[in-house]
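The block underneath contains the structure these notes are about, expressed in C-alpha cells.
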Amino acid sequence: MDENDHDDNRVALVSGGSRGIGAAVTTALTQRGCRVGCTYRTGHDEAEKLAAGAPDQVLPVHFDLHDESTAALAVERVVSHWGRLDSLILNAGQWSGGRLAETEPDAWWSVIETNLRGTVALARAALPHLVDGRSPSIVLVSSVVGVIGHAGDTAYAGAKSAMIGFGRSLAKEVARDGIRVNVLAPGFVTTDMTDAVSPSARRRIEEATVLGRFGTADEIAKAAVFLSEDATFCTGSVLTVDGGWAL
Ligand SMILES: NC(=O)c1ccc[n+]([C@@H]2O[C@H](COP(=O)([O-])OP(=O)(O)OC[C@H]3O[C@@H](n4cnc5c(N)ncnc54)[C@H](OP(=O)(O)O)[C@@H]3O)[C@@H](O)[C@H]2O)c1
C-alpha cells in the first residue's frame, strides 16, 4: 500500500450526504482532500450548497433508497466524473418506530425495505469499482439500537442489525479483494431524524447516556472518516459511538 493512499484525491460516495450525519461526513472528507459524491433524495439544494462550499470536491448525485436503479446510476455518475471510487459510506436511512403489536405488517416491512434494499444495491453496484480503488473501504451507518435493541423499534432496529450481519459477512467476502467493510453504530445524535423526540423522551435518553447528552453529527463524522480512511487494520468491526448509552 502506498503511504499516500489515505491523503488527498481519494474518491468517496456518501449516501444521504445532503443533511445530518451524511453532510458532516461529506464535509469532513473534503477537508482532508477527498472528492465526494454526495447523494440526495429531496435535498438537492442542500447538496448543491455543500458543493459550493468545496468547489470541485463535491458532486451532488440523486439516489433514492426506494429505487434500486438509482444505486447503479449514482455509482456510475461518480466513477465517470472522477474515474474511480475508493470508499463508500452507506449512511442514508429513515427512522420509523412503533411497537410490533401496533404496526401493520406492510408498514413494518416497509421500514426494513427502505433501510436495506437501496443500501445493499449501492454496495453491490460499488464493489466492481472498489476492487480497483486505493485502500478501498465500505462503512455502513447502522445504529446502537441495532446492537442492543430498543422497545418500539423492532423494524428499524431489525434493519440496523441486518446491516451489521451484512457488513461483517461482506467483510469476509471481499477481504481477498483488499476491501475493508466496517460498521458504525451511532447513539442518539442531534439531526432532523431526532427532531421528533419529545422533550421528556430526550431528557430520559440524556439521563441514560453516560456522557449526559446527544452527540453531534460532526462527532459521528469523525468516527466514520476514521473507519473509512484511517482504520487500515479494521474490517468487520462495529464501532459504537453513543456517549455510553449502551453501557
Ligand atoms: N440521528 C440519530 O440519532 C441516528 C442514530 C443512529 C443512527 N443513525 C443513522 O444515521 C444515518 C443518518 O441519519 P441522520 O440523523 O443524519 O438523518 P437525517 O438528518 O434525517 O438525514 C437523512 C439523510 O438520508 C437521506 N435519505 C432519507 N431517506 C432517503 C431515501 N428514501 N432515499 C435516499 N436518501 C434518503 C436524506 O436525503 P434527503 O434529505 O436529500 O431526502 C438525508 O440526506 C441514518 O442511517 C440513521 O438511521 C442516526
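Simple scheme: letters A, B, ... for chains in C-alpha cells order, numbers from 1 for residues in each chain, numbers from 1 for ligands in the order shown.
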
>> Which residues are close to stretch 146-162 of chain A, i.e. within 9 Å by only C-alpha atoms, leaving aside same-chain residues fewer than 4 positions away? Reply as an MDAnalysis selection string.
In response: chainID A and resid 94:100 108:116 141:142 166:167 185 238 240 246

Serialized selection, C-alpha atoms, as a tab-separated table (two decimals), in the first residue's frame:
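Result file is selection-v2.tsv:
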```
chain	number	residue	atom	x	y	z
A	94	GLN	CA	-35.04	6.60	7.62
A	95	TRP	CA	-36.39	6.07	11.10
A	96	SER	CA	-39.91	4.90	11.71
A	97	GLY	CA	-40.99	3.48	15.05
A	98	GLY	CA	-43.91	1.63	16.57
A	99	ARG	CA	-44.40	-1.43	18.74
A	100	LEU	CA	-44.77	-4.69	16.82
A	108	TRP	CA	-43.26	-2.96	9.33
A	109	TRP	CA	-41.69	-4.47	6.21
A	110	SER	CA	-41.53	-1.11	4.53
A	111	VAL	CA	-39.10	0.12	7.23
A	112	ILE	CA	-36.89	-2.92	6.58
A	113	GLU	CA	-37.07	-2.41	2.81
A	114	THR	CA	-36.36	1.29	2.99
A	115	ASN	CA	-33.27	0.91	5.11
A	116	LEU	CA	-31.85	-2.20	3.45
A	141	VAL	CA	-24.03	3.53	9.24
A	142	SER	CA	-26.12	1.27	11.47
A	166	PHE	CA	-24.48	-7.92	6.19
A	167	GLY	CA	-21.38	-5.82	6.76
A	185	ALA	CA	-23.29	2.30	15.37
A	238	VAL	CA	-18.65	-2.47	14.79
A	240	THR	CA	-20.27	2.18	18.80
A	246	ALA	CA	-25.41	1.25	25.66
```

> Can you list every residue in stretch 1-186 of chain A that DSSP puts in strand (DSSP E), as an MDAnalysis selection string?
Replying inline: chainID A and resid 11:14 35:40 58:62 87:90 137:141 180:186

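When the distance limit is 9 Å and only C-alpha atoms are what count, the residues near A:His44, minus those fewer than 2 positions from it on the same chain, are Ser18, Thr39, Tyr40, Arg41, Thr42, Glu46, Ala47, Glu48, Lys49, Pro60, Val61 and His62 of chain A.
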
Writing out the chosen residues with all heavy atoms as a compact mmCIF listing (two decimals), in the first residue's frame:
```txt
# COMPACT_ATOMS: atom_id res chain seq x y z
N SER A 18 -26.83 14.81 1.96
CA SER A 18 -27.38 16.18 1.87
C SER A 18 -27.66 16.81 3.22
O SER A 18 -27.72 18.04 3.33
CB SER A 18 -28.68 16.15 1.05
OG SER A 18 -29.58 15.21 1.59
N THR A 39 -24.97 11.97 -2.08
CA THR A 39 -26.31 11.71 -2.59
C THR A 39 -27.38 12.47 -1.82
O THR A 39 -27.26 12.72 -0.63
CB THR A 39 -26.68 10.20 -2.64
OG1 THR A 39 -27.20 9.78 -1.39
CG2 THR A 39 -25.51 9.33 -3.08
N TYR A 40 -28.41 12.82 -2.58
CA TYR A 40 -29.59 13.47 -2.01
C TYR A 40 -30.81 12.76 -2.59
O TYR A 40 -30.72 12.13 -3.64
CB TYR A 40 -29.64 14.96 -2.38
CG TYR A 40 -29.78 15.18 -3.87
CD1 TYR A 40 -31.04 15.26 -4.47
CD2 TYR A 40 -28.65 15.25 -4.69
CE1 TYR A 40 -31.17 15.41 -5.84
CE2 TYR A 40 -28.77 15.41 -6.06
CZ TYR A 40 -30.03 15.49 -6.63
OH TYR A 40 -30.16 15.62 -8.00
N ARG A 41 -31.90 12.83 -1.88
CA ARG A 41 -33.17 12.39 -2.46
C ARG A 41 -34.04 13.61 -2.68
O ARG A 41 -34.34 13.97 -3.80
CB ARG A 41 -33.88 11.38 -1.57
CG ARG A 41 -35.16 10.86 -2.21
CD ARG A 41 -35.89 9.87 -1.35
NE ARG A 41 -36.22 10.43 -0.05
CZ ARG A 41 -37.42 10.39 0.51
NH1 ARG A 41 -38.42 9.81 -0.12
NH2 ARG A 41 -37.65 10.90 1.70
N THR A 42 -34.37 14.32 -1.57
CA THR A 42 -35.15 15.56 -1.72
C THR A 42 -34.26 16.80 -1.55
O THR A 42 -34.65 17.89 -1.93
CB THR A 42 -36.26 15.61 -0.65
OG1 THR A 42 -35.65 15.50 0.64
CG2 THR A 42 -37.25 14.47 -0.83
N GLU A 46 -29.57 21.49 -0.69
CA GLU A 46 -28.59 21.31 0.39
C GLU A 46 -27.30 20.71 -0.17
O GLU A 46 -26.20 21.13 0.19
CB GLU A 46 -29.15 20.39 1.49
CG GLU A 46 -30.21 21.02 2.38
CD GLU A 46 -31.61 20.98 1.77
OE1 GLU A 46 -31.74 20.61 0.58
OE2 GLU A 46 -32.56 21.34 2.48
N ALA A 47 -27.45 19.71 -1.06
CA ALA A 47 -26.25 19.09 -1.65
C ALA A 47 -25.50 20.11 -2.50
O ALA A 47 -24.26 20.15 -2.50
CB ALA A 47 -26.66 17.88 -2.48
N GLU A 48 -26.23 20.95 -3.22
CA GLU A 48 -25.58 21.99 -4.04
C GLU A 48 -24.82 22.98 -3.15
O GLU A 48 -23.76 23.47 -3.51
CB GLU A 48 -26.61 22.74 -4.90
CG GLU A 48 -27.12 21.94 -6.08
CD GLU A 48 -26.06 21.68 -7.17
OE1 GLU A 48 -24.98 22.29 -7.13
OE2 GLU A 48 -26.33 20.83 -8.04
N LYS A 49 -25.39 23.27 -1.97
CA LYS A 49 -24.72 24.18 -1.04
C LYS A 49 -23.39 23.59 -0.58
O LYS A 49 -22.38 24.29 -0.48
CB LYS A 49 -25.61 24.44 0.18
CG LYS A 49 -26.17 25.85 0.20
CD LYS A 49 -27.00 26.09 1.45
CE LYS A 49 -28.35 26.63 1.04
NZ LYS A 49 -29.43 26.41 1.94
N PRO A 60 -23.03 16.52 -6.29
CA PRO A 60 -24.36 16.06 -5.85
C PRO A 60 -24.89 14.99 -6.82
O PRO A 60 -24.80 15.15 -8.03
CB PRO A 60 -25.22 17.33 -5.94
CG PRO A 60 -24.24 18.47 -5.93
CD PRO A 60 -23.04 17.94 -6.66
N VAL A 61 -25.41 13.91 -6.25
CA VAL A 61 -25.89 12.79 -7.07
C VAL A 61 -27.23 12.34 -6.51
O VAL A 61 -27.36 12.14 -5.29
CB VAL A 61 -24.91 11.59 -6.98
CG1 VAL A 61 -25.37 10.47 -7.90
CG2 VAL A 61 -23.49 12.01 -7.31
N HIS A 62 -28.20 12.14 -7.40
CA HIS A 62 -29.51 11.68 -6.93
C HIS A 62 -29.46 10.19 -6.57
O HIS A 62 -28.84 9.39 -7.27
CB HIS A 62 -30.59 11.93 -8.00
CG HIS A 62 -31.93 11.46 -7.55
ND1 HIS A 62 -32.51 10.31 -8.02
CD2 HIS A 62 -32.78 11.97 -6.62
CE1 HIS A 62 -33.68 10.13 -7.41
NE2 HIS A 62 -33.87 11.13 -6.57
```

>> If DSSP is run on the backbone, what residues of stretch 71-223 of chain A are helix (DSSP H, G or I)? A reply as a PyMOL selection string would be ideal.
In response: chain A and resi 71-82+100-102+105-130+145-148+154-177+192-194+199-208+217-223

> Which polymer residues have any atom within 12 Å of an atom of A:Gly83, counting only C-alpha atoms, with same-chain residues fewer than 6 positions away left out, as number ranges by chain?
Replying inline: A: 9-12, 35, 75-77, 129-130, 132-133

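Between A:Ala74 and the residues A:Phe226, A:Ser15, A:Asp192, A:Leu29, the shortest atom-to-atom distance, using only C-alpha atoms, involves A:Ser15.
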
>> Neighbours of ligand 1 at 6 Å or closer, counting only C-alpha atoms and all ligand atoms: which residues, as a PyMOL selection string?
In response: chain A and resi 16-22+40-43+63-66+91-95+141-143+186-194

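When only C-alpha atoms are used to measure the gap to A:Thr209, the shortest distance among A:Glu68, A:Glu102, A:Asp242, A:Asp230 belongs to A:Asp242.
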
>> Given only C-alpha atoms as the basis, pick out the residue of A:Pro199, A:Gly165, A:Pro136, A:Gly244 nearest to A:Leu211.
In response: A:Gly244

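Each of A:Val14, A:Ala231, A:Ala201, A:Ile220 was compared to A:Val181 using only C-alpha atoms, and A:Ala231 turns out to be the nearest.
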
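The nearest approach to A:Val139 among the residues A:Glu219, A:Glu173, A:Glu229, A:Asp45, with only C-alpha atoms taken into account, belongs to A:Glu229.
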
> Smallest atom-to-atom distance to A:Thr70: which of A:Val241, A:Ala196, A:Leu122, A:Leu227, using only C-alpha atoms?
Replying inline: A:Leu122

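From atom CA of A:Gly53 back to atom CA of A:Ala217, the distance works out to 17.7 Å.
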
Contacts of A:Asp67 at 10 Å (only C-alpha atoms; same-chain gap of 6+ positions) as a PDB file with N, CA, C and O atoms, in the first residue's frame:
```pdb
ATOM      1  N   THR A 114     -36.914  -0.045   3.206  1.00  0.00           N
ATOM      2  CA  THR A 114     -36.359   1.289   2.992  1.00  0.00           C
ATOM      3  C   THR A 114     -34.905   1.341   3.433  1.00  0.00           C
ATOM      4  O   THR A 114     -34.057   1.886   2.740  1.00  0.00           O
ATOM      5  N   ARG A 117     -32.813  -2.212   1.213  1.00  0.00           N
ATOM      6  CA  ARG A 117     -32.755  -2.548  -0.210  1.00  0.00           C
ATOM      7  C   ARG A 117     -31.793  -1.646  -0.990  1.00  0.00           C
ATOM      8  O   ARG A 117     -30.885  -2.115  -1.675  1.00  0.00           O
ATOM      9  N   GLY A 118     -31.978  -0.344  -0.843  1.00  0.00           N
ATOM     10  CA  GLY A 118     -31.125   0.590  -1.588  1.00  0.00           C
ATOM     11  C   GLY A 118     -29.688   0.573  -1.084  1.00  0.00           C
ATOM     12  O   GLY A 118     -28.737   0.774  -1.850  1.00  0.00           O
ATOM     13  N   ALA A 121     -28.100  -2.379  -2.611  1.00  0.00           N
ATOM     14  CA  ALA A 121     -27.926  -2.111  -4.043  1.00  0.00           C
ATOM     15  C   ALA A 121     -26.716  -1.217  -4.294  1.00  0.00           C
ATOM     16  O   ALA A 121     -25.957  -1.423  -5.250  1.00  0.00           O
TER      17      ALA A 121
END
```

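Our summary of the geometry notes that atom CA of A:Gly236 is positioned 13.0 Å from atom CA of A:Gly178.
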
> Which polymer residues have any atom within 8 Å of an atom of A:Leu239, counting only C-alpha atoms, with same-chain residues fewer than 3 positions away left out, as a ChimeraX atom specification?
Replying inline: /A:182-185
